[in-house]
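As provided, protein_22.pdb (PDB, C-alpha atoms) reads as follows.
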ATOM      1  CA  MET G   1      18.940-222.882  70.046
ATOM      2  CA  ARG G   2      17.973-219.629  71.694
ATOM      3  CA  ARG G   3      19.340-216.491  69.989
ATOM      4  CA  VAL G   4      21.729-214.368  72.102
ATOM      5  CA  PRO G   5      20.209-210.929  72.705
ATOM      6  CA  LEU G   6      21.904-208.153  70.699
ATOM      7  CA  TRP G   7      22.595-206.065  73.780
ATOM      8  CA  LEU G   8      24.543-208.938  75.283
ATOM      9  CA  THR G   9      26.911-209.071  72.298
ATOM     10  CA  LEU G  10      27.775-205.428  72.965
ATOM     11  CA  VAL G  11      28.878-206.051  76.552
ATOM     12  CA  PRO G  12      32.498-206.974  75.659
ATOM     13  CA  LEU G  13      32.772-203.896  73.423
ATOM     14  CA  ALA G  14      31.358-201.604  76.110
ATOM     15  CA  THR G  15      33.654-203.158  78.687
ATOM     16  CA  GLY G  16      36.673-202.635  76.449
ATOM     17  CA  LEU G  17      35.728-199.020  75.763
ATOM     18  CA  GLY G  18      35.188-198.393  79.458
ATOM     19  CA  LEU G  19      38.573-199.875  80.321
ATOM     20  CA  TYR G  20      40.280-197.834  77.595
ATOM     21  CA  PHE G  21      38.561-194.629  78.769
ATOM     22  CA  TRP G  22      39.764-195.349  82.304
ATOM     23  CA  LEU G  23      43.328-195.793  81.020
ATOM     24  CA  TRP G  24      43.063-192.699  78.783
ATOM     25  CA  SER G  25      41.797-190.634  81.718
ATOM     26  CA  ASP G  26      44.822-191.698  83.771
ATOM     27  CA  TRP G  27      47.176-190.799  80.912
ATOM     28  CA  ALA G  28      45.352-187.485  80.471
ATOM     29  CA  ALA G  29      45.801-186.654  84.155
ATOM     30  CA  ASP G  30      49.545-187.326  83.931
ATOM     31  CA  PHE G  31      49.783-185.300  80.718
ATOM     32  CA  GLY G  32      47.902-182.377  82.252
ATOM     33  CA  ALA G  33      50.024-182.466  85.405
ATOM     34  CA  GLY G  34      53.180-182.359  83.275
ATOM     35  CA  ILE G  35      51.945-179.310  81.361
ATOM     36  CA  GLU G  36      50.952-177.552  84.593
ATOM     37  CA  GLY G  37      54.452-178.245  85.930
ATOM     38  CA  TRP G  38      55.932-176.324  82.998
ATOM     39  CA  LEU G  39      53.209-173.673  82.947
ATOM     40  CA  PRO G  40      52.121-173.038  86.552
ATOM     41  CA  ASN G  41      48.931-171.068  87.167
ATOM     42  CA  THR G  42      47.731-172.007  83.684
ATOM     43  CA  PRO G  43      44.410-173.877  83.422
ATOM     44  CA  VAL G  44      44.866-177.099  81.461
ATOM     45  CA  ILE G  45      41.952-179.031  79.956
ATOM     46  CA  VAL G  46      42.920-182.255  78.204
ATOM     47  CA  THR G  47      40.870-183.411  75.219
ATOM     48  CA  GLY G  48      41.439-185.679  72.240
ATOM     49  CA  PHE G  49      39.820-188.953  73.319
ATOM     50  CA  PRO G  50      40.360-191.581  72.019
ATOM     51  CA  TYR G  51      43.261-190.933  69.632
ATOM     52  CA  ARG G  52      45.445-188.381  71.397
ATOM     53  CA  LEU G  53      46.051-186.256  74.484
ATOM     54  CA  GLU G  54      45.739-182.575  73.649
ATOM     55  CA  THR G  55      45.411-179.208  75.306
ATOM     56  CA  SER G  56      45.247-175.621  74.029
ATOM     57  CA  VAL G  57      46.831-172.831  76.062
ATOM     58  CA  VAL G  58      46.372-169.088  75.576
ATOM     59  CA  THR G  59      49.408-166.804  76.074
ATOM     60  CA  PRO G  60      51.683-169.476  77.603
ATOM     61  CA  HIS G  61      54.924-168.217  79.127
ATOM     62  CA  LEU G  62      57.853-170.313  80.260
ATOM     63  CA  ALA G  63      60.961-168.947  82.001
ATOM     64  CA  GLY G  64      63.846-170.487  83.882
ATOM     65  CA  GLY G  65      67.507-171.331  83.840
ATOM     66  CA  ASP G  66      70.571-170.365  85.850
ATOM     67  CA  ALA G  67      73.628-169.318  83.854
ATOM     68  CA  VAL G  68      71.475-169.476  80.728
ATOM     69  CA  HIS G  69      68.193-167.633  81.184
ATOM     70  CA  LEU G  70      65.518-169.194  78.984
ATOM     71  CA  ALA G  71      62.214-167.578  78.085
ATOM     72  CA  ALA G  72      59.540-168.807  75.715
ATOM     73  CA  SER G  73      56.077-167.453  75.023
ATOM     74  CA  ALA G  74      53.369-167.524  72.372
ATOM     75  CA  ASP G  75      49.986-166.045  71.614
ATOM     76  CA  ARG G  76      48.511-169.547  71.638
ATOM     77  CA  ALA G  77      49.889-173.077  71.791
ATOM     78  CA  ARG G  78      48.390-176.490  71.151
ATOM     79  CA  ILE G  79      50.232-179.382  72.779
ATOM     80  CA  ASN G  80      49.524-183.025  72.084
ATOM     81  CA  ARG G  81      50.939-186.530  72.174
ATOM     82  CA  GLY G  82      49.720-190.010  71.361
ATOM     83  CA  PRO G  83      48.365-192.134  74.232
ATOM     84  CA  PHE G  84      50.982-194.774  73.479
ATOM     85  CA  GLN G  85      53.875-192.356  72.780
ATOM     86  CA  PRO G  86      54.688-190.655  76.082
ATOM     87  CA  ASP G  87      58.194-189.766  74.869
ATOM     88  CA  LEU G  88      57.037-187.712  71.855
ATOM     89  CA  THR G  89      55.269-184.364  72.251
ATOM     90  CA  ILE G  90      54.060-182.127  69.417
ATOM     91  CA  ILE G  91      53.663-178.375  69.956
ATOM     92  CA  GLN G  92      51.997-175.945  67.558
ATOM     93  CA  ALA G  93      52.432-172.276  68.440
ATOM     94  CA  ASP G  94      51.195-168.977  67.041
ATOM     95  CA  GLY G  95      53.269-165.875  67.677
ATOM     96  CA  LEU G  96      56.305-167.739  69.025
ATOM     97  CA  ARG G  97      58.989-165.836  70.940
ATOM     98  CA  PHE G  98      62.075-167.568  72.388
ATOM     99  CA  SER G  99      65.297-166.313  73.940
ATOM    100  CA  ALA G 100      68.368-167.842  75.567
ATOM    101  CA  THR G 101      70.646-165.341  77.317
ATOM    102  CA  VAL G 102      73.994-165.739  79.047
ATOM    103  CA  SER G 103      75.224-162.171  78.564
ATOM    104  CA  SER G 104      74.909-159.269  76.119
ATOM    105  CA  ALA G 105      77.400-161.009  73.815
ATOM    106  CA  ILE G 106      76.166-164.593  74.240
ATOM    107  CA  ASN G 107      72.474-164.784  73.510
ATOM    108  CA  ALA G 108      69.970-165.813  70.873
ATOM    109  CA  THR G 109      66.420-164.687  70.178
ATOM    110  CA  ILE G 110      63.979-166.239  67.706
ATOM    111  CA  ALA G 111      60.432-165.238  66.832
ATOM    112  CA  GLY G 112      57.972-166.401  64.227
ATOM    113  CA  LYS G 113      54.407-166.183  63.005
ATOM    114  CA  THR G 114      53.853-169.915  63.531
ATOM    115  CA  ALA G 115      55.979-172.810  64.734
ATOM    116  CA  LEU G 116      55.626-176.572  64.758
ATOM    117  CA  SER G 117      57.871-178.493  67.160
ATOM    118  CA  SER G 118      58.354-182.125  68.084
ATOM    119  CA  VAL G 119      60.159-183.085  71.282
ATOM    120  CA  HIS G 120      61.387-186.669  71.540
ATOM    121  CA  VAL G 121      62.896-187.647  74.895
ATOM    122  CA  VAL G 122      64.143-191.181  75.558
ATOM    123  CA  ALA G 123      65.312-192.241  79.032
ATOM    124  CA  GLY G 124      65.817-188.626  80.071
ATOM    125  CA  ARG G 125      67.896-187.744  77.001
ATOM    126  CA  LEU G 126      66.928-185.473  74.153
ATOM    127  CA  ALA G 127      66.697-187.795  71.167
ATOM    128  CA  ARG G 128      65.534-184.942  68.934
ATOM    129  CA  LEU G 129      63.988-181.490  69.160
ATOM    130  CA  SER G 130      62.797-180.313  65.757
ATOM    131  CA  THR G 131      61.189-176.949  65.083
ATOM    132  CA  VAL G 132      59.926-175.411  61.853
ATOM    133  CA  ILE G 133      59.240-171.673  62.131
ATOM    134  CA  GLU G 134      57.381-169.677  59.491
ATOM    135  CA  ALA G 135      58.083-165.954  58.943
ATOM    136  CA  ALA G 136      61.019-166.201  61.338
ATOM    137  CA  THR G 137      63.284-163.502  62.710
ATOM    138  CA  ALA G 138      66.417-164.138  64.746
ATOM    139  CA  HIS G 139      69.370-162.396  66.327
ATOM    140  CA  LEU G 140      72.598-163.838  67.721
ATOM    141  CA  GLY G 141      74.474-161.716  70.222
ATOM    142  CA  PHE G 142      77.877-162.405  68.674
ATOM    143  CA  LEU G 143      76.748-161.424  65.145
ATOM    144  CA  PRO G 144      75.857-157.805  64.291
ATOM    145  CA  VAL G 145      73.122-158.728  61.818
ATOM    146  CA  ALA G 146      69.379-159.172  61.955
ATOM    147  CA  ILE G 147      68.201-162.433  60.409
ATOM    148  CA  ALA G 148      64.858-163.043  58.719
ATOM    149  CA  ALA G 149      63.661-166.126  56.848
ATOM    150  CA  ASP G 150      60.459-167.306  55.253
ATOM    151  CA  THR G 151      61.099-170.703  56.856
ATOM    152  CA  LEU G 152      63.667-171.623  59.500
ATOM    153  CA  GLU G 153      64.238-175.209  60.615
ATOM    154  CA  LEU G 154      66.172-176.187  63.751
ATOM    155  CA  HIS G 155      66.982-179.792  64.672
ATOM    156  CA  LEU G 156      68.781-180.441  67.967
ATOM    157  CA  ARG G 157      69.796-183.734  69.575
ATOM    158  CA  GLU G 158      72.056-185.087  72.257
ATOM    159  CA  ARG G 159      74.997-187.213  71.246
ATOM    160  CA  GLY G 160      77.471-189.271  73.233
ATOM    161  CA  ASP G 161      80.338-189.789  70.807
ATOM    162  CA  ALA G 162      83.733-191.014  71.949
ATOM    163  CA  ALA G 163      86.504-188.419  72.085
ATOM    164  CA  PRO G 164      88.185-188.034  68.665
ATOM    165  CA  VAL G 165      91.753-189.270  68.508
ATOM    166  CA  THR G 166      93.144-186.735  66.034
ATOM    167  CA  SER G 167      91.116-183.645  66.926
ATOM    168  CA  PRO G 168      91.875-181.078  69.639
ATOM    169  CA  ALA G 169      88.137-180.768  70.284
ATOM    170  CA  GLY G 170      86.494-182.938  72.923
ATOM    171  CA  PRO G 171      83.796-185.562  72.435
ATOM    172  CA  VAL G 172      80.600-184.507  70.680
ATOM    173  CA  ARG G 173      77.743-183.954  73.143
ATOM    174  CA  GLY G 174      75.157-182.371  70.891
ATOM    175  CA  GLN G 175      74.300-181.567  67.288
ATOM    176  CA  LEU G 176      72.361-178.681  65.771
ATOM    177  CA  VAL G 177      71.219-178.788  62.134
ATOM    178  CA  ILE G 178      69.827-175.571  60.637
ATOM    179  CA  ALA G 179      68.035-174.951  57.351
ATOM    180  CA  GLY G 180      66.706-171.617  56.162
ATOM    181  CA  GLN G 181      64.634-170.755  53.095
ATOM    182  CA  ARG G 182      64.707-167.209  51.688
ATOM    183  CA  LEU G 183      66.971-166.125  54.514
ATOM    184  CA  ARG G 184      67.991-162.464  54.562
ATOM    185  CA  LEU G 185      70.768-160.759  56.531
ATOM    186  CA  ASP G 186      69.997-157.137  57.407
ATOM    187  CA  GLY G 187      67.560-156.959  54.506
ATOM    188  CA  GLY G 188      69.962-158.440  51.952
ATOM    189  CA  ASP G 189      69.025-160.666  49.057
ATOM    190  CA  ALA G 190      67.267-163.962  49.788
ATOM    191  CA  LEU G 191      69.572-166.950  50.326
ATOM    192  CA  THR G 192      69.293-170.606  51.241
ATOM    193  CA  LEU G 193      71.078-171.641  54.445
ATOM    194  CA  ALA G 194      72.256-175.110  55.450
ATOM    195  CA  ALA G 195      74.409-175.633  58.545
ATOM    196  CA  ASP G 196      75.622-178.460  60.758
ATOM    197  CA  VAL G 197      77.018-177.589  64.198
ATOM    198  CA  LEU G 198      78.594-180.045  66.634
ATOM    199  CA  ILE G 199      78.754-179.143  70.336
ATOM    200  CA  THR G 200      81.720-180.657  72.155
ATOM    201  CA  GLY G 201      82.277-180.769  75.894
ATOM    202  CA  PRO G 202      83.477-182.729  78.896
ATOM    203  CA  GLY G 203      80.055-184.183  79.741
ATOM    204  CA  ARG G 204      76.329-183.944  79.081
ATOM    205  CA  LEU G 205      75.094-180.475  78.200
ATOM    206  CA  THR G 206      73.305-179.892  81.486
ATOM    207  CA  GLY G 207      74.981-176.607  82.528
ATOM    208  CA  TYR G 208      76.626-173.691  80.738
ATOM    209  CA  ASP G 209      79.591-173.211  83.066
ATOM    210  CA  ALA G 210      80.638-176.871  82.938
ATOM    211  CA  TRP G 211      80.462-176.767  79.137
ATOM    212  CA  ALA G 212      82.255-173.420  78.804
ATOM    213  CA  ALA G 213      85.311-174.667  80.710
ATOM    214  CA  THR G 214      86.552-176.776  77.776
ATOM    215  CA  GLY G 215      83.655-177.009  75.308
ATOM    216  CA  THR G 216      83.368-175.667  71.775
ATOM    217  CA  ALA G 217      80.834-175.277  68.990
ATOM    218  CA  GLU G 218      82.210-176.673  65.735
ATOM    219  CA  ILE G 219      80.535-175.376  62.576
ATOM    220  CA  THR G 220      81.486-178.304  60.373
ATOM    221  CA  THR G 221      79.637-176.821  57.415
ATOM    222  CA  LEU G 222      77.576-173.708  56.759
ATOM    223  CA  THR G 223      76.483-172.939  53.220
ATOM    224  CA  LEU G 224      74.843-169.811  51.845
ATOM    225  CA  ALA G 225      73.492-170.229  48.328
ATOM    226  CA  ASP G 226      71.091-168.721  45.829
ATOM    227  CA  ALA G 227      69.523-169.985  42.616
ATOM    228  CA  SER G 228      72.886-169.740  40.816
ATOM    229  CA  GLY G 229      74.816-171.882  43.304
ATOM    230  CA  ASP G 230      76.893-171.621  46.451
ATOM    231  CA  VAL G 231      77.903-168.126  47.498
ATOM    232  CA  ALA G 232      79.929-169.076  50.591
ATOM    233  CA  ARG G 233      80.927-172.211  52.490
ATOM    234  CA  VAL G 234      82.004-171.639  56.080
ATOM    235  CA  LYS G 235      83.858-173.762  58.610
ATOM    236  CA  ALA G 236      84.494-172.337  62.062
ATOM    237  CA  THR G 237      85.055-172.950  65.752
ATOM    238  CA  LEU G 238      83.371-170.972  68.528
ATOM    239  CA  VAL G 239      85.049-171.069  71.935
ATOM    240  CA  PRO G 240      83.301-169.558  74.994
ATOM    241  CA  GLN G 241      85.295-167.063  77.030
ATOM    242  CA  GLY G 242      83.476-167.605  80.296
ATOM    243  CA  ARG G 243      80.074-165.913  80.268
ATOM    244  CA  GLY G 244      81.265-162.702  78.644
ATOM    245  CA  ALA G 245      82.237-163.465  75.060
ATOM    246  CA  LEU G 246      82.817-165.997  72.335
ATOM    247  CA  ARG G 247      86.021-166.365  70.335
ATOM    248  CA  LEU G 248      85.465-167.196  66.677
ATOM    249  CA  ALA G 249      87.901-168.477  64.075
ATOM    250  CA  GLY G 250      87.272-170.069  60.701
ATOM    251  CA  THR G 251      87.479-169.995  56.927
ATOM    252  CA  ILE G 252      85.137-168.997  54.107
ATOM    253  CA  ASP G 253      85.356-170.447  50.606
ATOM    254  CA  THR G 254      83.550-168.028  48.302
ATOM    255  CA  VAL G 255      83.110-166.887  44.724
ATOM    256  CA  CYS G 256      82.071-163.440  46.002
ATOM    257  CA  PRO G 257      84.981-162.277  48.210
ATOM    258  CA  ALA G 258      84.312-158.539  47.804
ATOM    259  CA  SER G 259      80.692-159.034  48.866
ATOM    260  CA  ILE G 260      81.826-161.064  51.881
ATOM    261  CA  ALA G 261      84.307-158.320  52.833
ATOM    262  CA  ALA G 262      81.583-155.675  52.568
ATOM    263  CA  ALA G 263      79.258-157.763  54.752
ATOM    264  CA  PHE G 264      81.924-158.053  57.456
ATOM    265  CA  ALA G 265      82.665-154.327  57.283
ATOM    266  CA  GLY G 266      79.003-153.325  57.212
ATOM    267  CA  THR G 267      79.493-151.261  54.055
ATOM    268  CA  ALA G 268      77.360-151.045  50.921
ATOM    269  CA  PRO G 269      77.415-154.233  48.829
ATOM    270  CA  PRO G 270      79.600-153.921  45.707
ATOM    271  CA  ALA G 271      78.669-154.836  42.138
ATOM    272  CA  GLU G 272      80.605-158.084  41.811
ATOM    273  CA  GLN G 273      80.624-160.925  39.291
ATOM    274  CA  ARG G 274      81.135-164.448  40.629
ATOM    275  CA  LEU G 275      84.634-165.823  40.327
ATOM    276  CA  ARG G 276      85.200-168.977  38.319
ATOM    277  CA  THR G 277      87.384-170.367  41.098
ATOM    278  CA  PRO G 278      86.498-169.831  44.767
ATOM    279  CA  VAL G 279      88.989-168.171  47.080
ATOM    280  CA  GLN G 280      89.467-168.902  50.758
ATOM    281  CA  LEU G 281      89.224-166.132  53.315
ATOM    282  CA  ALA G 282      89.883-166.355  57.053
ATOM    283  CA  PHE G 283      88.265-164.653  60.021
ATOM    284  CA  ALA G 284      89.002-164.499  63.726
ATOM    285  CA  GLY G 285      88.108-162.436  66.751
ATOM    286  CA  THR G 286      85.686-162.145  69.636
ATOM    287  CA  SER G 287      82.003-161.252  69.786
ATOM    288  CA  GLY G 288      81.427-158.004  67.903
ATOM    289  CA  ALA G 289      85.079-157.662  66.859
ATOM    290  CA  VAL G 290      85.705-160.251  64.167
ATOM    291  CA  LEU G 291      88.251-159.397  61.465
ATOM    292  CA  LEU G 292      88.377-160.822  57.944
ATOM    293  CA  SER G 293      91.659-161.498  56.168
ATOM    294  CA  GLY G 294      92.917-163.044  52.953
ATOM    295  CA  VAL G 295      90.972-160.970  50.418
ATOM    296  CA  PRO G 296      93.137-161.128  47.240
ATOM    297  CA  ALA G 297      94.479-157.843  45.921
ATOM    298  CA  ASP G 298      94.119-158.950  42.297
ATOM    299  CA  LEU G 299      90.365-159.554  42.262
ATOM    300  CA  PRO G 300      89.729-157.313  39.194
ATOM    301  CA  ALA G 301      92.091-159.495  37.139
ATOM    302  CA  ARG G 302      90.560-162.846  38.072
ATOM    303  CA  ALA G 303      88.313-164.834  35.729
ATOM    304  CA  VAL G 304      84.602-164.420  36.416
ATOM    305  CA  ARG G 305      81.413-166.218  35.376
ATOM    306  CA  GLY G 306      79.848-163.618  33.145
ATOM    307  CA  GLN G 307      76.928-165.809  32.041
ATOM    308  CA  VAL G 308      75.355-166.061  35.519
ATOM    309  CA  PRO G 309      73.807-163.335  37.711
ATOM    310  CA  ALA G 310      76.097-161.116  39.747
ATOM    311  CA  CYS G 311      76.803-161.833  43.413
ATOM    312  CA  PRO G 312      73.845-161.223  45.738
ATOM    313  CA  ALA G 313      73.819-158.378  48.215
ATOM    314  CA  LEU G 314      74.569-160.165  51.480
ATOM    315  CA  ARG G 315      73.640-157.120  53.586
ATOM    316  CA  LYS G 316      71.987-153.802  52.753
TER     317      LYS G 316
END

What's the structure tokens form of this structure?
Amino acid sequence: MRRVPLWLTLVPLATGLGLYFWLWSDWAADFGAGIEGWLPNTPVIVTGFPYRLETSVVTPHLAGGDAVHLAASADRARINRGPFQPDLTIIQADGLRFSATVSSAINATIAGKTALSSVHVVAGRLARLSTVIEAATAHLGFLPVAIAADTLELHLRERGDAAPVTSPAGPVRGQLVIAGQRLRLDGGDALTLAADVLITGPGRLTGYDAWAATGTAEITTLTLADASGDVARVKATLVPQGRGALRLAGTIDTVCPASIAAAFAGTAPPAEQRLRTPVQLAFAGTSGAVLLSGVPADLPARAVRGQVPACPALRK
């Protein structure tokens, strides 16, 4: 029998590669057009064949929004996704800066040395947005403290829960999970932060004004801890007052009540030993005018844990 020429055996492989390159080029064009839609007037060159679709952008800037003005920028960003995963996008950014502003009292700004984000969208819904920011700084308009953390993690997703039967809050429309490592408030001692926030509202979170009419942000748990254990556990509700303010109300279970009181008052942190039994404090008020209550008058007489380090300085 005659031997098949070697070049002929490569025809199917070359044909397959050519077909895949044609498909990849089509996916790359769609990917590039999507990036240009978010970043107009920004040249986009898509690389990464054959394993991914990727582009690098210098000084990207994104701005938009109506009631909530959004702005995001970076020194450099690398954006990529898998050819067969159009719903999942990965973004690496250097020199990240992000802000969301409704008013002087309702706003948030975050910046970081580097950030790694994944955006997973399924059928037009946000399945998950996860961001890990290194050397992060943040400020919330309704809190009079500057926040810094070695690492700050934010995980956001849409939810469509049914309305709770026994709760005055509406159905859950979104969830925000926060984790912070070596987090410092106004230069205070380093703490570990873990928080879970549920966003309730009448419908999908597609507009601020529709949400603010009856929506709330429920801090189901927020823990500040150090190497010796929990310092404070917070539960609270935030209720928007139109676009001008937020009303806050909640409780704090803490073994360091005097330190918590000093942090609220903005005074020098006291020298305080941790209590053996936590006490519960309460707070309520509007943006920039939140009052703490329930600090026991007999704190000097209460049993303390003398074998562990004193309470950390929450603010300095």

So, counting all atoms listed in the file, which residue among G:Leu238, G:Pro309, G:Arg125, G:Ile147 is closest to Gly188 of chain G?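 Under the stated criterion, the closest residue is G:Ile147.
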
Find the residue from G:Val308, G:Leu291, G:Ala313, G:Ala210 that sits nearest to Asp186 of chain G; use all atoms listed in the file when measuring. G:Ala313

From G:Phe98, G:Tyr208, G:Phe31, G:Phe21, residue lying nearest Ala71 of chain G [all atoms listed in the file]: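 With all atoms listed in the file as the atom set, the closest residue is G:Phe98.
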
Just the residues within 7 Å of Leu140 of chain G, please, counting only C-alpha atoms, with nothing from its chain fewer than 6 positions along; format it as a count of residues only. 3

note - atom CA of Arg78 of chain G and atom CA of Ala63 of chain G are separated by 18.2 Å

Let me have the centre and edge lengths of the axis-aligned box enclosing all listed atoms of segment 109-118 of chain G with 6 Å padding on every side, in Å to one decimal, as AutoDock Vina command-line options.
--center_x 60.1 --center_y -173.4 --center_z 66.6 --size_x 24.6 --size_y 29.4 --size_z 19.2

Do you know which residues the PyMOL selection byres ((chain G and resi 305) around 7) returns on this file, as a list in words?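 Applied to this file, the PyMOL selection byres ((chain G and resi 305) around 7) returns Gln273, Arg274, Leu275, Arg276, Val304, Gly306, Gln307 and Val308 of chain G.
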
Tell me which residues the PyMOL selection byres ((chain G and resi 30) around 12) grabs here, as a list in words.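 Applying the expression gives Leu23, Trp24, Ser25, Asp26, Trp27, Ala28, Ala29, Phe31, Gly32, Ala33, Gly34, Ile35, Glu36, Gly37, Val44, Ile45, Val46, Leu53, Glu54, Arg81, Pro83 and Pro86 of chain G.
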
The selected residues should be written to file as a PDB file, in the frame of the given file (atoms: C-alpha atoms).
ATOM      1  CA  LEU G  23      43.328-195.793  81.020  1.00  0.00           C
ATOM      2  CA  TRP G  24      43.063-192.699  78.783  1.00  0.00           C
ATOM      3  CA  SER G  25      41.797-190.634  81.718  1.00  0.00           C
ATOM      4  CA  ASP G  26      44.822-191.698  83.771  1.00  0.00           C
ATOM      5  CA  TRP G  27      47.176-190.799  80.912  1.00  0.00           C
ATOM      6  CA  ALA G  28      45.352-187.485  80.471  1.00  0.00           C
ATOM      7  CA  ALA G  29      45.801-186.654  84.155  1.00  0.00           C
ATOM      8  CA  PHE G  31      49.783-185.300  80.718  1.00  0.00           C
ATOM      9  CA  GLY G  32      47.902-182.377  82.252  1.00  0.00           C
ATOM     10  CA  ALA G  33      50.024-182.466  85.405  1.00  0.00           C
ATOM     11  CA  GLY G  34      53.180-182.359  83.275  1.00  0.00           C
ATOM     12  CA  ILE G  35      51.945-179.310  81.361  1.00  0.00           C
ATOM     13  CA  GLU G  36      50.952-177.552  84.593  1.00  0.00           C
ATOM     14  CA  GLY G  37      54.452-178.245  85.930  1.00  0.00           C
ATOM     15  CA  VAL G  44      44.866-177.099  81.461  1.00  0.00           C
ATOM     16  CA  ILE G  45      41.952-179.031  79.956  1.00  0.00           C
ATOM     17  CA  VAL G  46      42.920-182.255  78.204  1.00  0.00           C
ATOM     18  CA  LEU G  53      46.051-186.256  74.484  1.00  0.00           C
ATOM     19  CA  GLU G  54      45.739-182.575  73.649  1.00  0.00           C
ATOM     20  CA  ARG G  81      50.939-186.530  72.174  1.00  0.00           C
ATOM     21  CA  PRO G  83      48.365-192.134  74.232  1.00  0.00           C
ATOM     22  CA  PRO G  86      54.688-190.655  76.082  1.00  0.00           C
TER      23      PRO G  86
END

Counting all atoms listed in the file, which residues come within 7 Å of (86.5, -165.2, 61.4), with the point read in the file's coordinates, and could you list them as a PDB file with C-alpha atoms, in the frame of the given file?
ATOM      1  CA  LEU G 248      85.465-167.196  66.677  1.00  0.00           C
ATOM      2  CA  ALA G 249      87.901-168.477  64.075  1.00  0.00           C
ATOM      3  CA  GLY G 250      87.272-170.069  60.701  1.00  0.00           C
ATOM      4  CA  THR G 251      87.479-169.995  56.927  1.00  0.00           C
ATOM      5  CA  ALA G 282      89.883-166.355  57.053  1.00  0.00           C
ATOM      6  CA  PHE G 283      88.265-164.653  60.021  1.00  0.00           C
ATOM      7  CA  ALA G 284      89.002-164.499  63.726  1.00  0.00           C
ATOM      8  CA  GLY G 285      88.108-162.436  66.751  1.00  0.00           C
ATOM      9  CA  VAL G 290      85.705-160.251  64.167  1.00  0.00           C
ATOM     10  CA  LEU G 291      88.251-159.397  61.465  1.00  0.00           C
ATOM     11  CA  LEU G 292      88.377-160.822  57.944  1.00  0.00           C
TER      12      LEU G 292
END

Please identify all polymer residues within 6 Å of Leu116 of chain G, counting all atoms listed in the file, omitting same-chain residues fewer than 2 positions from it, and present them as a PyMOL selection string. chain G and resi 91-92+131-132

List, as a ChimeraX atom specification, every residue that the PyMOL selection byres ((chain G and resi 106) around 12) selects in the file provided. /G:67-69,99-105,107-109,139-143,208,212,238-247,286-288

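For the pair atom CA of Gly112 of chain G and atom CA of Arg76 of chain G, the interatomic distance is 12.4 Å.
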
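Nearest to Ala93 of chain G of all the residues G:Lys113, G:Lys316, G:Arg128, G:Arg302 is G:Lys113, based on all atoms listed in the file.
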
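As for atom CA of Arg159 of chain G and atom CA of Gly65 of chain G, they are spaced 21.6 Å apart.
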
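Among the candidate residues G:Pro144, G:Leu299, G:Ser73, G:Arg157, the one lying nearest to Val119 of chain G is G:Arg157, with distances computed using only C-alpha atoms.
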
Please provide as a PyMOL selection string all residues within 7 Å of Gln175 of chain G, with the sequence filter that same-chain residues fewer than 3 positions apart are discarded (counting only C-alpha atoms). chain G and resi 156-159+197-199

Please dump the current selection as an mmCIF file, in the coordinates of the input; keep C-alpha atoms.
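Full text of result_21.cif as output:
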data_model
loop_
_atom_site.group_PDB
_atom_site.id
_atom_site.type_symbol
_atom_site.label_atom_id
_atom_site.label_comp_id
_atom_site.auth_asym_id
_atom_site.auth_seq_id
_atom_site.Cartn_x
_atom_site.Cartn_y
_atom_site.Cartn_z
ATOM 1 C CA LEU G 156 68.781 -180.441 67.967
ATOM 2 C CA ARG G 157 69.796 -183.734 69.575
ATOM 3 C CA GLU G 158 72.056 -185.087 72.257
ATOM 4 C CA ARG G 159 74.997 -187.213 71.246
ATOM 5 C CA VAL G 197 77.018 -177.589 64.198
ATOM 6 C CA LEU G 198 78.594 -180.045 66.634
ATOM 7 C CA ILE G 199 78.754 -179.143 70.336
#

Write out as a list in words the residues lying within 8 Å of segment 148-155 of chain G, counting only C-alpha atoms and excluding same-chain residues fewer than 3 positions away. Arg128, Leu129, Ser130, Thr131, Val132, Ile133, Glu134, Ala135, Ala136, Thr137, Ala138, Gln175, Leu176, Val177, Ile178, Ala179, Gly180, Gln181, Arg182, Leu183, Arg184, Leu185, Asp186 and Gly187 of chain G

Name all residues at most 8 Å from Thr277 of chain G (count all atoms listed in the file; drop same-chain ones fewer than 2 positions away) and give them as a ChimeraX atom specification. /G:255,275,279,303

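Nearest residue to Phe49 of chain G among G:His61, G:Leu126, G:Gly82, G:Leu193 is G:Gly82, counting only C-alpha atoms.
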
Copy segment 29-35 of chain G out of the block into a file, keeping N, CA and C atoms, as a short mmCIF file (atom, residue, chain, number, x, y, z; two decimals), in the first residue's frame.
data_model
loop_
_atom_site.label_atom_id
_atom_site.label_comp_id
_atom_site.auth_asym_id
_atom_site.auth_seq_id
_atom_site.Cartn_x
_atom_site.Cartn_y
_atom_site.Cartn_z
N ALA G 29 -13.35 40.07 18.70
CA ALA G 29 -13.99 41.30 18.22
C ALA G 29 -15.14 41.71 19.14
N ASP G 30 -15.95 40.74 19.55
CA ASP G 30 -17.04 41.03 20.48
C ASP G 30 -16.51 41.52 21.83
N PHE G 31 -15.46 40.86 22.31
CA PHE G 31 -14.85 41.24 23.58
C PHE G 31 -14.30 42.66 23.50
N GLY G 32 -13.58 42.97 22.43
CA GLY G 32 -13.03 44.31 22.26
C GLY G 32 -14.11 45.37 22.15
N ALA G 33 -15.19 45.05 21.43
CA ALA G 33 -16.28 46.01 21.29
C ALA G 33 -16.94 46.27 22.64
N GLY G 34 -17.06 45.23 23.46
CA GLY G 34 -17.63 45.42 24.80
C GLY G 34 -16.77 46.32 25.66
N ILE G 35 -15.45 46.14 25.61
CA ILE G 35 -14.55 46.99 26.39
C ILE G 35 -14.62 48.43 25.90
#
